[in-house]
Amino acid sequence: MDDTSRQLFEKACQLIPGGVNSPVRACHNVDSLPLFIAEAHGCHLKDVDGREYIDFVLSWGPMILGHDDTDVTAAVRAAAGRGTSYGAPCPDEVALAEAVIAALPSLEMVRMVNSGTEATMSALRLARGVTGRNKVLKFVGCYHGHADPFLAAAGSGVATFSIPGTPGVPEAVVADTLLAPYNDLEAVQECFKRHGEELAAVIVEPVAANMGLVLPEAGFLEGLRSLTSQYGSLLIFDEVITGFRAAFGGAQARFGIDPDLTTFGKIIGGGLPVGAFGGKRCYMEQVAPKGAVYQAGTLSGNPLAMAAGLATLGKLARQDYSALETRTRSFAEALRDILQEKGVPIQMPTLASMFCPYFSEKPVRNFDDAKGCNHALFTSFYKQMRAQGIYLAPSGYETGMVSFVHSEEDFSRALEAAHKVSF
Ligand SMILES: *Cc1c(COP(=O)(O)O)cnc(C)c1O
């Protein structure tokens, strides 16, 4: 089985580290080999061996309209016919900036970049530049891309001390990165008491979607907003996943929080490589060339990417997010009930069009809880679902994604497959 995928993967392993261009795709966590995808339409993937899958990964989030959306594909085709990169401004950059700013009340200006990693890296530099402070507080289990300052691991002592999270990151670079557990406002308060005057920013995923799916508890985001304001630190919402997913206006619209800076990626590019950071005019005007904080990109504002983003946001503005949320919730609850009947411990948080099967007795409110889930059960579930044509994220630390084009038939096929799983 999976002959062509297997052959391609073997060859790729000789040519590309681990055979993949981003680690989690290798499916190590679930003791499986990656599938090579030949094409994708709607919420259906076809692999190079001709097998079809219902896609609950959606390229890790961007494809909320489904793959090969008629309007997005047409916009990209048309843009390609006009040339693929100019290294000079193009009209769609202005149009996409206008669309993003209109969607999120906290945004007054925005700068386009090429990935979520660039967005968070640049937002942090800006926060440091405007405050003249170096320290940043992030939460354990939140992912902000692979820039050095965010690849910090918890040392001994909560919220005070961190060590490099990977070889290649100098200790000095993460010495200014403080860590606290998600949903732990007390740890944050403690951190501000000790380091408040040195904190340039707090960066947070307003809904944590890189350790499964952890919802912010009542008061957590509000507490971050008030502490950062009190100490003159910037609050950065990393909405790379939640932007245009938690609601059209992102998690900030959903929870009514007004962050200073916001980062985007994934959906904003409609499946092309795009990220963005934006926020209050007083801060954004300090980005070069208007201001002194340097940030640049050869392909930033790329005409193909802008066209894809613009077509995506234009279409999303007319979609019924609450209907999608209802469909997602009923699917997730049905899935939870099926698994529960099989006698495995299961939690199934959902928010908007995201859902996450955690094999756990108790609700997951931070990274320690996510680590404590039964990952062997997840692996077994993943493998049996994939064998039946249901494509889930290959790790218990990822959220499931639903698109506007998942139909009732897609959901029932996924539930039928779940019925047949045995543990
Ligand atoms: C995916 C992600 C990033 C990184 O984006 P890339 O485009 O992969 O660099 C940053 N923050 C969050 C919350 C993400 O989910």
# chains A, B, ... in the order shown; residues from 1 in each chain; ligands from 1
>>> residues_near_ligand(ligand="ligand 1", cutoff="9 Å", atoms="only C-alpha atoms and all ligand atoms", output="PyMOL selection string")
chain A and resi 22+60-61+114-120+142-147+204-210+237-242+263-266+273-275
>>> residues_around(residues="range 174-185 of chain A", least_positions_apart="5", cutoff="8 Å", atoms="only C-alpha atoms", output="PyMOL selection string")
chain A and resi 134-142+148-154+158-164+169+216-217+220+223-224+365-367
>>> write_last_selection(atoms="N, CA and C atoms", output="CSV table (one decimal), in the first residue's frame")
chain,number,residue,atom,x,y,z
A,134,ASN,N,13.5,44.8,26.4
A,134,ASN,CA,13.9,43.5,25.7
A,134,ASN,C,13.1,42.3,26.0
A,135,LYS,N,12.5,42.2,27.2
A,135,LYS,CA,11.9,41.0,27.6
A,135,LYS,C,10.5,40.8,26.9
A,136,VAL,N,10.2,39.5,26.7
A,136,VAL,CA,8.9,39.1,26.1
A,136,VAL,C,8.4,37.9,26.9
A,137,LEU,N,7.1,37.9,27.2
A,137,LEU,CA,6.5,36.8,27.9
A,137,LEU,C,5.7,36.0,26.9
A,138,LYS,N,5.9,34.7,26.9
A,138,LYS,CA,5.1,33.8,26.0
A,138,LYS,C,4.6,32.7,26.9
A,139,PHE,N,3.6,31.9,26.3
A,139,PHE,CA,3.0,30.9,27.1
A,139,PHE,C,3.5,29.5,26.6
A,140,VAL,N,3.7,28.6,27.6
A,140,VAL,CA,4.2,27.3,27.2
A,140,VAL,C,3.2,26.6,26.4
A,141,GLY,N,3.6,26.0,25.2
A,141,GLY,CA,2.7,25.3,24.4
A,141,GLY,C,2.1,26.2,23.3
A,142,CYS,N,2.2,27.5,23.4
A,142,CYS,CA,1.8,28.4,22.3
A,142,CYS,C,2.9,28.4,21.3
A,148,ASP,N,14.2,32.5,16.6
A,148,ASP,CA,14.9,32.2,17.8
A,148,ASP,C,14.3,32.6,19.1
A,149,PRO,N,13.8,33.8,19.3
A,149,PRO,CA,13.3,34.2,20.6
A,149,PRO,C,12.1,33.4,21.1
A,150,PHE,N,11.4,32.8,20.2
A,150,PHE,CA,10.2,32.0,20.6
A,150,PHE,C,10.5,30.6,20.8
A,151,LEU,N,11.7,30.1,20.5
A,151,LEU,CA,12.0,28.7,20.7
A,151,LEU,C,12.7,28.5,22.0
A,152,ALA,N,12.0,28.8,23.0
A,152,ALA,CA,12.5,28.7,24.4
A,152,ALA,C,11.7,27.6,25.1
A,153,ALA,N,12.4,26.9,25.9
A,153,ALA,CA,11.8,25.9,26.7
A,153,ALA,C,11.9,26.3,28.2
A,154,ALA,N,11.0,25.8,29.0
A,154,ALA,CA,10.9,26.1,30.4
A,154,ALA,C,12.1,25.6,31.1
A,158,VAL,N,9.0,28.6,37.4
A,158,VAL,CA,8.0,29.0,36.5
A,158,VAL,C,8.1,30.5,36.2
A,159,ALA,N,7.9,30.8,34.9
A,159,ALA,CA,7.8,32.2,34.5
A,159,ALA,C,9.0,33.1,34.7
A,160,THR,N,10.1,32.5,35.0
A,160,THR,CA,11.3,33.4,35.3
A,160,THR,C,12.5,33.1,34.4
A,161,PHE,N,12.5,31.8,33.9
A,161,PHE,CA,13.8,31.4,33.4
A,161,PHE,C,13.6,30.5,32.2
A,162,SER,N,14.3,30.7,31.1
A,162,SER,CA,14.1,29.8,30.0
A,162,SER,C,15.4,29.4,29.4
A,163,ILE,N,15.4,28.3,28.7
A,163,ILE,CA,16.6,27.7,28.1
A,163,ILE,C,16.3,27.5,26.6
A,164,PRO,N,17.3,27.4,25.7
A,164,PRO,CA,17.0,27.2,24.3
A,164,PRO,C,16.1,26.0,24.1
A,169,VAL,N,19.9,27.7,19.0
A,169,VAL,CA,19.4,29.0,19.6
A,169,VAL,C,20.4,29.3,20.7
A,216,PRO,N,-9.2,30.0,26.0
A,216,PRO,CA,-8.8,30.9,27.1
A,216,PRO,C,-9.9,30.9,28.1
A,217,GLU,N,-9.6,30.8,29.4
A,217,GLU,CA,-10.6,30.8,30.4
A,217,GLU,C,-11.1,32.2,30.7
A,220,PHE,N,-8.9,35.5,31.4
A,220,PHE,CA,-7.4,35.3,31.1
A,220,PHE,C,-7.0,36.4,30.1
A,223,GLY,N,-7.2,39.8,31.6
A,223,GLY,CA,-6.1,40.1,32.5
A,223,GLY,C,-4.8,40.4,31.8
A,224,LEU,N,-4.6,39.8,30.7
A,224,LEU,CA,-3.4,40.1,29.9
A,224,LEU,C,-3.5,41.6,29.4
A,365,ARG,N,-6.4,22.4,30.0
A,365,ARG,CA,-6.3,23.9,30.1
A,365,ARG,C,-4.9,24.5,29.9
A,366,ASN,N,-3.9,23.6,29.7
A,366,ASN,CA,-2.6,24.1,29.4
A,366,ASN,C,-1.7,23.0,28.8
A,367,PHE,N,-0.5,23.3,28.6
A,367,PHE,CA,0.4,22.3,27.9
A,367,PHE,C,0.7,21.1,28.7
>>> residues_around(residues="Ile54 in chain A", least_positions_apart="6", cutoff="10 Å", atoms="only C-alpha atoms", output="PyMOL selection string")
chain A and resi 40+42-46+386+388-392+406+410-411+413-414
>>> closest_residue(among="A:Tyr294, A:Leu272, A:Asp55, A:Ile16", to="Met306 in chain A", atoms="only C-alpha atoms")
A:Leu272
>>> select_by_dssp(residues="range 191-287 of chain A", states="strand (DSSP E or B)", output="MDAnalysis selection string")
chainID A and resid 199:204 208 214 234:238 243 247 261:264 275:279 287
>>> write_last_selection(atoms="N, CA, C and O atoms", output="CSV table (one decimal), in the first residue's frame")
chain,number,residue,atom,x,y,z
A,199,LEU,N,9.4,44.4,30.5
A,199,LEU,CA,8.7,43.6,29.5
A,199,LEU,C,8.2,44.5,28.3
A,199,LEU,O,7.4,45.4,28.4
A,200,ALA,N,8.8,44.2,27.1
A,200,ALA,CA,8.4,44.8,25.9
A,200,ALA,C,7.0,44.4,25.5
A,200,ALA,O,6.2,45.2,25.0
A,201,ALA,N,6.7,43.1,25.7
A,201,ALA,CA,5.4,42.6,25.2
A,201,ALA,C,5.0,41.2,25.8
A,201,ALA,O,5.9,40.5,26.3
A,202,VAL,N,3.8,41.0,25.8
A,202,VAL,CA,3.2,39.6,26.0
A,202,VAL,C,2.7,39.2,24.7
A,202,VAL,O,1.9,39.9,24.1
A,203,ILE,N,3.1,38.0,24.3
A,203,ILE,CA,2.5,37.4,23.0
A,203,ILE,C,1.7,36.2,23.4
A,203,ILE,O,2.2,35.4,24.2
A,204,VAL,N,0.6,36.1,22.8
A,204,VAL,CA,-0.3,35.0,23.1
A,204,VAL,C,-1.1,34.6,21.9
A,204,VAL,O,-1.5,35.4,21.1
A,208,ALA,N,-5.5,28.8,22.0
A,208,ALA,CA,-4.2,28.1,21.7
A,208,ALA,C,-4.5,26.9,20.8
A,208,ALA,O,-5.2,26.0,21.2
A,214,VAL,N,-6.9,24.7,23.1
A,214,VAL,CA,-7.1,25.1,24.5
A,214,VAL,C,-7.7,26.5,24.4
A,214,VAL,O,-7.2,27.5,23.9
A,234,LEU,N,3.4,45.9,25.4
A,234,LEU,CA,2.5,45.8,24.3
A,234,LEU,C,1.8,44.4,24.4
A,234,LEU,O,2.5,43.4,24.7
A,235,LEU,N,0.6,44.3,24.1
A,235,LEU,CA,-0.1,43.0,24.0
A,235,LEU,C,-0.2,42.6,22.5
A,235,LEU,O,-0.8,43.3,21.7
A,236,ILE,N,0.5,41.5,22.2
A,236,ILE,CA,0.5,40.9,20.8
A,236,ILE,C,-0.4,39.7,20.7
A,236,ILE,O,-0.1,38.7,21.4
A,237,PHE,N,-1.4,39.8,19.9
A,237,PHE,CA,-2.3,38.6,19.7
A,237,PHE,C,-1.7,37.9,18.4
A,237,PHE,O,-1.7,38.5,17.4
A,238,ASP,N,-1.3,36.7,18.6
A,238,ASP,CA,-0.8,35.9,17.5
A,238,ASP,C,-2.1,35.2,16.9
A,238,ASP,O,-2.5,34.2,17.4
A,243,GLY,N,-7.1,34.2,13.2
A,243,GLY,CA,-7.5,35.3,12.3
A,243,GLY,C,-8.4,34.8,11.2
A,243,GLY,O,-8.0,33.8,10.5
A,247,ALA,N,-13.5,34.0,14.3
A,247,ALA,CA,-14.6,34.8,13.8
A,247,ALA,C,-14.0,35.5,12.6
A,247,ALA,O,-12.7,35.4,12.4
A,261,LEU,N,-0.8,44.9,18.9
A,261,LEU,CA,-0.4,44.4,17.7
A,261,LEU,C,-1.0,43.0,17.4
A,261,LEU,O,-1.3,42.3,18.4
A,262,THR,N,-1.2,42.7,16.2
A,262,THR,CA,-1.8,41.4,15.8
A,262,THR,C,-0.9,40.8,14.7
A,262,THR,O,-0.5,41.5,13.8
A,263,THR,N,-0.7,39.5,14.7
A,263,THR,CA,0.0,38.8,13.7
A,263,THR,C,-1.0,37.9,12.9
A,263,THR,O,-1.9,37.3,13.5
A,264,PHE,N,-0.7,37.7,11.6
A,264,PHE,CA,-1.5,36.9,10.7
A,264,PHE,C,-0.7,36.0,9.9
A,264,PHE,O,0.5,36.2,9.7
A,275,GLY,N,2.1,36.3,5.4
A,275,GLY,CA,1.8,36.7,6.8
A,275,GLY,C,1.6,38.2,6.8
A,275,GLY,O,1.8,38.9,5.8
A,276,ALA,N,1.3,38.7,8.0
A,276,ALA,CA,1.1,40.1,8.1
A,276,ALA,C,1.2,40.4,9.6
A,276,ALA,O,0.9,39.6,10.5
A,277,PHE,N,1.7,41.7,9.9
A,277,PHE,CA,1.5,42.2,11.3
A,277,PHE,C,1.0,43.6,11.2
A,277,PHE,O,1.3,44.3,10.3
A,278,GLY,N,0.1,43.9,12.2
A,278,GLY,CA,-0.5,45.2,12.1
A,278,GLY,C,-0.9,45.6,13.5
A,278,GLY,O,-0.8,44.8,14.5
A,279,GLY,N,-1.5,46.8,13.6
A,279,GLY,CA,-1.9,47.3,14.9
A,279,GLY,C,-2.1,48.8,14.9
A,279,GLY,O,-2.5,49.4,13.9
A,287,VAL,N,7.6,51.5,12.0
A,287,VAL,CA,8.3,50.5,11.1
A,287,VAL,C,8.9,51.2,9.9
A,287,VAL,O,8.3,52.2,9.4
>>> select_by_dssp(residues="range 69-274 of chain A", states="alpha helix (DSSP H)", output="PyMOL selection string")
chain A and resi 70-80+91-103+116-131+171-174+185-195+220-231+250-255
>>> closest_atom_pairs(of="range 193-282 of chain A", to="range 94-105 of chain A", cutoff="8 Å", atoms="only C-alpha atoms", output="tab-separated table")
residue	atom	partner	partner_atom	distance
A:Phe248	CA	A:Ala103	CA	6.9
A:Gly249	CA	A:Leu104	CA	5.0
A:Gly250	CA	A:Leu104	CA	7.3
A:Gln252	CA	A:Leu104	CA	7.8
A:Ala253	CA	A:Leu104	CA	7.0
A:Asp258	CA	A:Pro105	CA	7.8
>>> write_last_selection(atoms="all heavy atoms", output="mmCIF file, in the first residue's frame")
data_model
loop_
_atom_site.group_PDB
_atom_site.id
_atom_site.type_symbol
_atom_site.label_atom_id
_atom_site.label_comp_id
_atom_site.auth_asym_id
_atom_site.auth_seq_id
_atom_site.Cartn_x
_atom_site.Cartn_y
_atom_site.Cartn_z
ATOM 1 N N PHE A 248 -14.755 36.147 11.743
ATOM 2 C CA PHE A 248 -14.142 36.867 10.619
ATOM 3 C C PHE A 248 -13.129 37.874 11.171
ATOM 4 O O PHE A 248 -12.024 38.009 10.649
ATOM 5 C CB PHE A 248 -15.225 37.563 9.778
ATOM 6 C CG PHE A 248 -14.674 38.245 8.561
ATOM 7 C CD1 PHE A 248 -14.122 37.519 7.517
ATOM 8 C CD2 PHE A 248 -14.697 39.637 8.474
ATOM 9 C CE1 PHE A 248 -13.607 38.161 6.390
ATOM 10 C CE2 PHE A 248 -14.184 40.283 7.347
ATOM 11 C CZ PHE A 248 -13.632 39.541 6.310
ATOM 12 N N GLY A 249 -13.479 38.549 12.257
ATOM 13 C CA GLY A 249 -12.580 39.526 12.879
ATOM 14 C C GLY A 249 -11.600 38.894 13.860
ATOM 15 O O GLY A 249 -11.034 39.602 14.699
ATOM 16 N N GLY A 250 -11.422 37.585 13.796
ATOM 17 C CA GLY A 250 -10.440 36.914 14.644
ATOM 18 C C GLY A 250 -10.932 36.717 16.066
ATOM 19 O O GLY A 250 -12.072 37.043 16.416
ATOM 20 N N GLN A 252 -9.974 38.303 18.590
ATOM 21 C CA GLN A 252 -10.165 39.596 19.268
ATOM 22 C C GLN A 252 -11.586 40.111 19.100
ATOM 23 O O GLN A 252 -12.126 40.729 20.024
ATOM 24 C CB GLN A 252 -9.150 40.626 18.806
ATOM 25 C CG GLN A 252 -9.083 40.875 17.333
ATOM 26 C CD GLN A 252 -7.816 41.637 16.956
ATOM 27 O OE1 GLN A 252 -7.830 42.834 16.816
ATOM 28 N NE2 GLN A 252 -6.704 40.938 16.808
ATOM 29 N N ALA A 253 -12.197 39.861 17.951
ATOM 30 C CA ALA A 253 -13.586 40.273 17.769
ATOM 31 C C ALA A 253 -14.479 39.381 18.625
ATOM 32 O O ALA A 253 -15.398 39.837 19.297
ATOM 33 C CB ALA A 253 -13.981 40.167 16.308
ATOM 34 N N ASP A 258 -8.832 44.311 22.735
ATOM 35 C CA ASP A 258 -8.198 45.258 21.827
ATOM 36 C C ASP A 258 -6.675 45.177 21.979
ATOM 37 O O ASP A 258 -6.083 45.920 22.757
ATOM 38 C CB ASP A 258 -8.712 46.669 22.197
ATOM 39 C CG ASP A 258 -8.216 47.724 21.234
ATOM 40 O OD1 ASP A 258 -8.068 47.436 20.037
ATOM 41 O OD2 ASP A 258 -7.964 48.854 21.698
#
>>> atom_distance(atom1="CA of Gly129 in chain A", atom2="CA of Gly301 in chain A")
23.1 Å
>>> residues_around(residues="Asp31 in chain A", least_positions_apart="6", cutoff="10 Å", atoms="only C-alpha atoms", output="PDB file with N, CA and C atoms, in the first residue's frame")
ATOM      1  N   ALA A 376      -0.865   7.339  22.754  1.00  0.00           N
ATOM      2  CA  ALA A 376      -0.938   6.037  22.076  1.00  0.00           C
ATOM      3  C   ALA A 376      -2.347   5.820  21.522  1.00  0.00           C
ATOM      4  N   THR A 379      -2.685   7.915  18.414  1.00  0.00           N
ATOM      5  CA  THR A 379      -2.002   7.301  17.267  1.00  0.00           C
ATOM      6  C   THR A 379      -2.855   6.194  16.652  1.00  0.00           C
ATOM      7  N   SER A 380      -3.432   5.377  17.505  1.00  0.00           N
ATOM      8  CA  SER A 380      -4.277   4.297  17.022  1.00  0.00           C
ATOM      9  C   SER A 380      -5.495   4.861  16.271  1.00  0.00           C
ATOM     10  N   TYR A 382      -5.736   7.849  14.857  1.00  0.00           N
ATOM     11  CA  TYR A 382      -5.253   8.478  13.621  1.00  0.00           C
ATOM     12  C   TYR A 382      -5.071   7.437  12.511  1.00  0.00           C
ATOM     13  N   LYS A 383      -4.390   6.363  12.840  1.00  0.00           N
ATOM     14  CA  LYS A 383      -4.065   5.355  11.817  1.00  0.00           C
ATOM     15  C   LYS A 383      -5.331   4.707  11.255  1.00  0.00           C
ATOM     16  N   PRO A 394      -1.525  14.798  11.979  1.00  0.00           N
ATOM     17  CA  PRO A 394      -0.773  13.646  12.468  1.00  0.00           C
ATOM     18  C   PRO A 394      -0.087  13.890  13.811  1.00  0.00           C
ATOM     19  N   SER A 395      -0.820  14.426  14.766  1.00  0.00           N
ATOM     20  CA  SER A 395      -0.253  14.685  16.083  1.00  0.00           C
ATOM     21  C   SER A 395      -1.368  15.074  17.033  1.00  0.00           C
TER      22      SER A 395
END
>>> residues_around(residues="Arg225 in chain A", least_positions_apart="3", cutoff="8 Å", atoms="only C-alpha atoms", output="VMD selection string")
chain A and resid 221 to 222 228 to 229 235 257 to 259
>>> write_last_selection(atoms="N, CA and C atoms", output="mmCIF file, in the first residue's frame")
data_model
loop_
_atom_site.group_PDB
_atom_site.id
_atom_site.type_symbol
_atom_site.label_atom_id
_atom_site.label_comp_id
_atom_site.auth_asym_id
_atom_site.auth_seq_id
_atom_site.Cartn_x
_atom_site.Cartn_y
_atom_site.Cartn_z
ATOM 1 N N LEU A 221 -7.653 36.546 28.962
ATOM 2 C CA LEU A 221 -7.233 37.539 27.958
ATOM 3 C C LEU A 221 -7.439 38.956 28.493
ATOM 4 N N GLU A 222 -8.536 39.155 29.232
ATOM 5 C CA GLU A 222 -8.796 40.468 29.836
ATOM 6 C C GLU A 222 -7.666 40.836 30.795
ATOM 7 N N THR A 228 -0.727 44.379 30.765
ATOM 8 C CA THR A 228 0.174 45.008 29.787
ATOM 9 C C THR A 228 -0.052 46.521 29.772
ATOM 10 N N SER A 229 -1.305 46.938 29.835
ATOM 11 C CA SER A 229 -1.573 48.387 29.840
ATOM 12 C C SER A 229 -0.965 49.042 31.074
ATOM 13 N N LEU A 235 0.561 44.279 24.065
ATOM 14 C CA LEU A 235 -0.106 42.982 23.979
ATOM 15 C C LEU A 235 -0.169 42.574 22.511
ATOM 16 N N ILE A 257 -11.440 41.903 22.801
ATOM 17 C CA ILE A 257 -10.179 42.416 23.360
ATOM 18 C C ILE A 257 -9.498 43.266 22.293
ATOM 19 N N ASP A 258 -8.832 44.311 22.735
ATOM 20 C CA ASP A 258 -8.198 45.258 21.827
ATOM 21 C C ASP A 258 -6.675 45.177 21.979
ATOM 22 N N PRO A 259 -6.013 44.271 21.247
ATOM 23 C CA PRO A 259 -4.559 44.141 21.390
ATOM 24 C C PRO A 259 -3.837 45.303 20.705
#
